[in-house]
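Q: Pasting target-v9.cif here (mmCIF, C-alpha atoms):
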data_upload
loop_
_atom_site.label_atom_id
_atom_site.label_comp_id
_atom_site.auth_asym_id
_atom_site.auth_seq_id
_atom_site.Cartn_x
_atom_site.Cartn_y
_atom_site.Cartn_z
CA MET F 1 24.17 25.28 -5.85
CA ILE F 2 25.94 28.62 -5.84
CA PRO F 3 24.49 31.21 -8.23
CA THR F 4 27.18 32.48 -10.57
CA SER F 5 25.99 36.05 -10.21
CA HIS F 6 26.69 35.97 -6.47
CA CYS F 7 30.27 34.88 -7.12
CA LEU F 8 30.62 37.70 -9.63
CA ILE F 9 29.21 40.24 -7.19
CA LEU F 10 31.72 39.05 -4.57
CA ALA F 11 34.48 39.39 -7.15
CA ALA F 12 33.28 42.90 -8.00
CA ILE F 13 33.26 43.95 -4.34
CA LEU F 14 36.74 42.53 -3.72
CA PHE F 15 38.05 44.25 -6.86
CA THR F 16 36.56 47.55 -5.73
CA LEU F 17 38.14 47.14 -2.30
CA GLY F 18 41.48 46.76 -4.08
CA VAL F 19 40.83 49.92 -6.11
CA LEU F 20 39.90 51.77 -2.92
CA GLY F 21 43.13 50.63 -1.30
CA VAL F 22 45.17 51.96 -4.22
CA PHE F 23 43.27 55.26 -4.00
CA VAL F 24 43.46 55.98 -0.28
CA ARG F 25 46.55 54.26 1.10
CA ARG F 26 49.95 55.86 0.81
CA ASN F 27 52.17 53.01 1.98
CA VAL F 28 53.72 51.41 -1.10
CA ILE F 29 53.51 47.92 0.34
CA VAL F 30 49.81 48.23 1.21
CA VAL F 31 49.09 49.61 -2.28
CA PHE F 32 50.89 46.57 -3.64
CA MET F 33 48.77 44.28 -1.49
CA SER F 34 45.64 45.98 -2.85
CA ILE F 35 46.81 45.09 -6.34
CA GLU F 36 47.09 41.46 -5.25
CA LEU F 37 43.53 41.73 -3.92
CA MET F 38 42.34 42.88 -7.36
CA LEU F 39 44.13 39.97 -9.05
CA ASN F 40 42.43 37.58 -6.65
CA ALA F 41 39.02 39.04 -7.45
CA VAL F 42 39.62 38.51 -11.16
CA ASN F 43 40.66 34.92 -10.46
CA LEU F 44 37.37 34.35 -8.65
CA ALA F 45 35.45 35.65 -11.66
CA PHE F 46 37.40 33.31 -13.94
CA ILE F 47 36.60 30.30 -11.75
CA ALA F 48 32.91 31.22 -11.53
CA PHE F 49 32.67 31.47 -15.31
CA ALA F 50 34.61 28.23 -15.76
CA ARG F 51 31.96 26.52 -13.67
CA GLN F 52 29.05 28.19 -15.40
CA HIS F 53 30.23 27.29 -18.88
CA GLN F 54 31.39 23.80 -17.87
CA ASN F 55 34.79 24.59 -19.32
CA LEU F 56 38.16 24.17 -17.63
CA ASP F 57 39.90 26.88 -19.68
CA GLY F 58 39.09 29.44 -17.00
CA GLN F 59 40.94 27.45 -14.37
CA VAL F 60 44.00 27.16 -16.63
CA ILE F 61 43.96 30.93 -17.12
CA VAL F 62 43.86 31.36 -13.34
CA LEU F 63 47.05 29.32 -13.15
CA PHE F 64 48.71 31.73 -15.60
CA VAL F 65 47.41 34.75 -13.67
CA MET F 66 48.95 33.33 -10.51
CA THR F 67 52.31 32.86 -12.22
CA VAL F 68 52.30 36.41 -13.51
CA ALA F 69 51.24 37.64 -10.06
CA ALA F 70 54.18 35.84 -8.48
CA ALA F 71 56.62 37.37 -10.96
CA GLU F 72 55.02 40.78 -10.47
CA ALA F 73 55.24 40.52 -6.69
CA ALA F 74 58.92 39.54 -6.82
CA ILE F 75 59.90 42.35 -9.19
CA GLY F 76 57.70 44.94 -7.49
CA LEU F 77 59.07 44.16 -4.06
CA ALA F 78 62.63 44.35 -5.40
CA ILE F 79 61.82 47.78 -6.86
CA ILE F 80 60.36 48.84 -3.49
CA LEU F 81 63.54 47.66 -1.76
CA SER F 82 65.80 49.68 -4.03
CA LEU F 83 63.46 52.70 -3.83
CA TYR F 84 63.67 52.53 -0.06
CA ARG F 85 67.46 52.41 -0.25
CA GLN F 86 67.43 55.57 -2.31
CA LYS F 87 64.64 57.64 -0.72
CA LYS F 88 64.46 56.17 2.80
CA THR F 89 60.66 56.32 2.72
CA LEU F 90 57.70 54.13 1.83
CA ASN F 91 55.28 57.03 1.37
CA LEU F 92 54.05 57.22 -2.21
CA ASP F 93 53.60 60.99 -2.05
CA GLU F 94 57.29 61.46 -1.35
CA ILE F 95 58.42 59.16 -4.15
CA ASN F 96 58.30 61.63 -7.03
CA LEU F 97 61.52 61.00 -8.95
CA LEU F 98 59.79 61.27 -12.31
CA ARG F 99 58.26 64.66 -11.61
CA GLY F 100 61.62 66.36 -12.14
CA MET Z 1 20.09 19.58 3.59
CA ASP Z 2 22.38 21.63 1.42
CA LEU Z 3 25.24 23.25 3.28
CA VAL Z 4 26.98 24.63 0.20
CA LEU Z 5 25.13 27.94 0.10
CA PRO Z 6 25.52 28.85 3.80
CA ILE Z 7 29.23 28.00 3.64
CA PHE Z 8 29.57 30.12 0.51
CA TYR Z 9 27.89 33.13 2.10
CA PHE Z 10 29.94 32.76 5.27
CA LEU Z 11 33.18 32.65 3.24
CA ALA Z 12 32.05 35.55 1.06
CA VAL Z 13 31.17 37.79 4.01
CA SER Z 14 34.41 36.98 5.80
CA ALA Z 15 36.39 37.61 2.61
CA ILE Z 16 34.80 41.06 2.26
CA ALA Z 17 35.35 41.85 5.94
CA CYS Z 18 38.99 40.80 5.77
CA GLY Z 19 39.43 42.76 2.54
CA LEU Z 20 38.13 45.85 4.32
CA MET Z 21 40.57 45.25 7.15
CA VAL Z 22 43.44 45.02 4.63
CA ILE Z 23 42.89 48.60 3.54
CA LEU Z 24 41.86 49.98 6.95
CA GLN Z 25 44.69 48.64 9.11
CA LYS Z 26 47.49 51.06 9.87
CA ASN Z 27 50.13 48.39 10.40
CA PRO Z 28 51.21 46.72 7.12
CA VAL Z 29 51.99 43.43 8.88
CA ILE Z 30 48.38 43.14 10.07
CA SER Z 31 47.22 44.12 6.57
CA ALA Z 32 49.27 41.24 5.19
CA MET Z 33 47.75 38.83 7.70
CA PHE Z 34 44.24 39.87 6.69
CA LEU Z 35 45.19 39.48 3.03
CA ILE Z 36 46.22 35.90 3.82
CA LEU Z 37 42.78 35.38 5.39
CA VAL Z 38 41.12 36.75 2.23
CA MET Z 39 43.10 34.29 0.15
CA LEU Z 40 42.14 31.38 2.40
CA CYS Z 41 38.45 32.33 2.15
CA LEU Z 42 38.80 32.47 -1.64
CA ALA Z 43 40.46 29.05 -1.61
CA GLY Z 44 37.40 27.70 0.22
CA ILE Z 45 35.12 29.27 -2.39
CA TYR Z 46 37.20 27.69 -5.16
CA LEU Z 47 36.63 24.32 -3.49
CA LEU Z 48 32.88 24.94 -3.56
CA LEU Z 49 33.15 25.92 -7.23
CA ALA Z 50 34.73 22.58 -8.19
CA ALA Z 51 38.26 23.94 -8.63
CA GLU Z 52 40.19 21.73 -6.22
CA PHE Z 53 43.58 22.13 -7.88
CA ILE Z 54 43.31 25.92 -8.00
CA ALA Z 55 42.29 25.94 -4.33
CA ALA Z 56 45.42 24.01 -3.38
CA ILE Z 57 47.61 26.25 -5.53
CA GLN Z 58 45.96 29.31 -4.01
CA VAL Z 59 46.93 28.18 -0.51
CA ILE Z 60 50.43 27.03 -1.44
CA VAL Z 61 51.55 29.74 -3.87
CA TYR Z 62 49.50 32.79 -2.88
CA ALA Z 63 48.98 32.45 0.85
CA GLY Z 64 52.29 30.63 1.22
CA ALA Z 65 54.96 31.93 -1.11
CA ILE Z 66 53.82 35.37 -2.24
CA MET Z 67 52.66 36.54 1.18
CA VAL Z 68 55.87 35.29 2.82
CA LEU Z 69 57.71 37.44 0.29
CA PHE Z 70 55.58 40.42 1.32
CA LEU Z 71 56.20 39.79 5.01
CA PHE Z 72 59.95 39.49 4.42
CA VAL Z 73 60.03 42.86 2.69
CA ILE Z 74 57.91 44.45 5.43
CA MET Z 75 60.26 43.10 8.07
CA LEU Z 76 63.23 44.38 6.08
CA LEU Z 77 61.87 47.88 5.56
CA ASN Z 78 59.37 48.90 8.17
CA LEU Z 79 61.69 50.16 10.84
CA GLU Z 80 59.31 52.68 12.35
CA LYS Z 81 55.53 52.90 12.13
CA ASP Z 82 54.07 54.28 8.96
CA VAL Z 83 53.40 57.89 9.95
CA ARG Z 84 50.61 58.63 7.54
CA ALA Z 85 48.46 55.70 6.51
CA LEU Z 86 45.95 57.53 4.31
CA VAL Z 87 46.12 60.31 1.80
CA LYS Z 88 46.09 63.73 3.41
CA SER Z 89 43.76 65.89 1.33
CA PRO Z 90 40.07 65.42 2.21
CA PHE Z 91 39.17 66.20 -1.40
CA GLN Z 92 41.10 63.13 -2.51
CA LYS Z 93 39.27 60.98 0.04
CA VAL Z 94 35.83 62.19 -1.08
CA ALA Z 95 36.74 61.76 -4.73
CA ALA Z 96 38.01 58.24 -4.06
CA ALA Z 97 34.80 57.35 -2.20
CA ILE Z 98 32.57 58.64 -5.01
CA LEU Z 99 34.58 56.93 -7.74
CA VAL Z 100 34.68 53.64 -5.86
CA LEU Z 101 30.94 53.72 -5.19
CA MET Z 102 30.29 54.35 -8.88
CA LEU Z 103 32.61 51.51 -9.85
CA VAL Z 104 31.01 49.01 -7.50
CA ALA Z 105 27.52 50.03 -8.63
CA VAL Z 106 28.38 49.54 -12.30
CA LEU Z 107 30.13 46.22 -11.67
CA VAL Z 108 27.39 44.79 -9.46
CA VAL Z 109 24.60 45.87 -11.79
CA THR Z 110 26.27 44.45 -14.90
CA LEU Z 111 27.64 41.27 -13.37
CA GLY Z 112 24.74 40.39 -11.10
CA LYS Z 113 22.06 40.72 -13.72
CA ASN Z 114 20.90 37.47 -15.21
CA VAL Z 115 23.54 34.78 -15.08
CA ALA Z 116 21.99 31.36 -14.85
CA VAL Z 117 22.65 28.88 -12.08
CA THR Z 118 24.46 25.73 -13.11
CA GLN Z 119 23.32 22.66 -11.31
CA GLU Z 120 25.76 19.89 -12.05
CA ALA Z 121 29.40 19.69 -11.13
CA LEU Z 122 32.07 20.54 -13.66
CA LYS Z 123 32.23 17.82 -16.30
CA THR Z 124 35.77 16.66 -16.97
CA GLY Z 125 35.02 13.43 -18.73
CA GLY Z 126 35.43 11.17 -15.74
CA ILE Z 127 39.00 12.22 -14.87
CA PRO Z 128 39.85 14.27 -11.79
CA ASN Z 129 40.12 18.05 -11.89
CA THR Z 130 43.91 18.13 -11.55
CA ALA Z 131 44.46 15.59 -14.32
CA ALA Z 132 42.08 17.49 -16.60
CA ILE Z 133 43.99 20.73 -16.01
CA GLY Z 134 47.24 18.88 -16.72
CA HIS Z 135 45.87 17.59 -20.02
CA LEU Z 136 44.86 21.13 -20.99
CA LEU Z 137 48.20 22.62 -19.92
CA PHE Z 138 50.23 20.19 -21.99
CA GLY Z 139 47.77 20.14 -24.85
CA ARG Z 140 45.97 23.21 -26.05
CA PHE Z 141 47.76 25.60 -23.69
CA LEU Z 142 51.30 24.30 -24.29
CA LEU Z 143 52.66 27.50 -25.84
CA PRO Z 144 51.30 29.85 -23.10
CA PHE Z 145 52.62 27.38 -20.54
CA GLU Z 146 56.13 27.54 -21.98
CA ILE Z 147 55.95 31.33 -22.24
CA THR Z 148 55.10 31.39 -18.52
CA SER Z 149 58.42 29.72 -17.78
CA VAL Z 150 60.19 32.45 -19.78
CA ILE Z 151 58.31 35.07 -17.73
CA LEU Z 152 59.53 33.45 -14.52
CA LEU Z 153 63.11 33.37 -15.84
CA VAL Z 154 62.91 37.05 -16.75
CA ALA Z 155 61.51 37.79 -13.29
CA ILE Z 156 64.38 35.93 -11.60
CA ILE Z 157 67.05 37.76 -13.61
CA GLY Z 158 65.31 41.10 -13.16
CA VAL Z 159 64.98 40.71 -9.41
CA ILE Z 160 68.64 39.79 -9.05
CA LEU Z 161 69.66 42.83 -11.12
CA ILE Z 162 67.35 45.27 -9.31
CA GLY Z 163 68.18 43.88 -5.90
CA LYS Z 164 71.95 44.34 -6.31
CA LYS Z 165 73.41 47.22 -4.37
CA LYS Z 166 75.55 48.38 -7.27
CA LEU Z 167 75.03 47.52 -10.93
#
Please express what this file holds, its structure, as structure tokens.
A:
Amino acid sequence: MIPTSHCLILAAILFTLGVLGVFVRRNVIVVFMSIELMLNAVNLAFIAFARQHQNLDGQVIVLFVMTVAAAEAAIGLAIILSLYRQKKTLNLDEINLLRG
Amino acid sequence: MDLVLPIFYFLAVSAIACGLMVILQKNPVISAMFLILVMLCLAGIYLLLAAEFIAAIQVIVYAGAIMVLFLFVIMLLNLEKDVRALVKSPFQKVAAAILVLMLVAVLVVTLGKNVAVTQEALKTGGIPNTAAIGHLLFGRFLLPFEITSVILLVAIIGVILIGKKKL
């Protein structure tokens, strides 16, 4: 059967890829997709632990994470839409309204 | 003849490769497509890990609904090509590489250390996975489940408000 540690290592690598995407990409939408990648990695860790501990609670938590991710994606994309209307750009370096 | 491990490693390697492509592709549409592939690979891994219901939800909600939302917004916004895909200062790139390498080292060392292998499938007391999750959702997790519906309502109202042209 699948060793739990290998699942966790895969989750760690996927999470780090998400972090790297947030660090190096400057397109808001791609940064947002990297955040989704991180959420997916965490879900994988939850499922691996649910299997290791023979406990379904982890899978229920994954369901909640997915709901929150859906809400987050909807609100975030709406914010991106209205930001684009105002600034006419998707480049994160040019979106600096809070800097004053 | 146990095919579970080879399938798992195949899915894991393709998930990592597709994840790399998500952050390396210049075109956000192709990034989104590779993200869908990552999610499908993860759904396969969930199946191997005895989480059938979550695998189905992953395909339907994540790869289906959320990514369609992403693609819609990309189609709405991305009129011309993204001029600069990556950050411009080389210092920032080097710093990001070092930090990310440190993070992955710490995570892999701590997580991959000594977790035991479980042999048997997930015990749910003789009822299928989906039914067991349903029992949990409407039993012990009833309050979080109801709060989730409030979160969705708040998200709907918020999106309508933010998306309006004029408040």
Q: Ranking F:Leu39, F:Leu97, F:Val65, F:Val60 by minimum distance to chain Z and counting all atoms listed in the file, which one comes first?
A: F:Val60
Q: Taking the file as shown, find all residues satisfying the PyMOL selection byres ((chain Z and resi 129) around 12) and write them as a PyMOL selection string.
A: (chain F and resi 51+55-57+59-60) or (chain Z and resi 47+49-56+121-128+130-136)
Q: Quick one: residues within 12 Å of Tyr46 in chain Z, all atoms listed in the file counted, chain neighbours fewer than 5 positions away excluded, as a ChimeraX atom specification?
A: /F:2,7,40-41,43-51,59,62 /Z:4,7-8,11-12,39-41,51-59
Q: So how far away is CA of Asn27 in chain F from CA of Asn91 in chain F, in Å?
A: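 Those two atoms sit 5.1 Å apart.
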Q: For a quick test of understanding: name the residues of chain F lying within 7 Å of chain Z when counting only C-alpha atoms, and present them as a PyMOL selection string.
A: chain F and resi 1-6+8-10+12-14+16-17+20-21+23-27+30+48+51-52+54+56+59-60+70-71+73-75+77-79+82
Q: With the file shown as input, list the residues that the PyMOL selection byres ((chain F and resi 94) around 12) selects, as JSON, numbers by chain.
A: {"F": [26, 27, 28, 83, 84, 86, 87, 88, 89, 90, 91, 92, 93, 95, 96, 97, 98, 99], "Z": [84, 87]}
Q: So how far away is CA of Ala69 in chain F from CA of Gly139 in chain Z, in Å?
A: 23.2 Å
Q: Considering only C-alpha atoms, state which residue in the set Z:Leu37, Z:Ala63, Z:Leu143, Z:Ser14 is at the smallest distance from Phe64 in chain F.
A: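 Between Z:Leu37, Z:Ala63, Z:Leu143, Z:Ser14, the residue approaching Phe64 in chain F most closely is Z:Leu143.
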Q: Go ahead and compute the interatomic distance for CA of Ile35 in chain F and CA of Gly18 in chain F, in Å to one decimal.
A: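 Here the two named atoms are 6.0 Å from each other.
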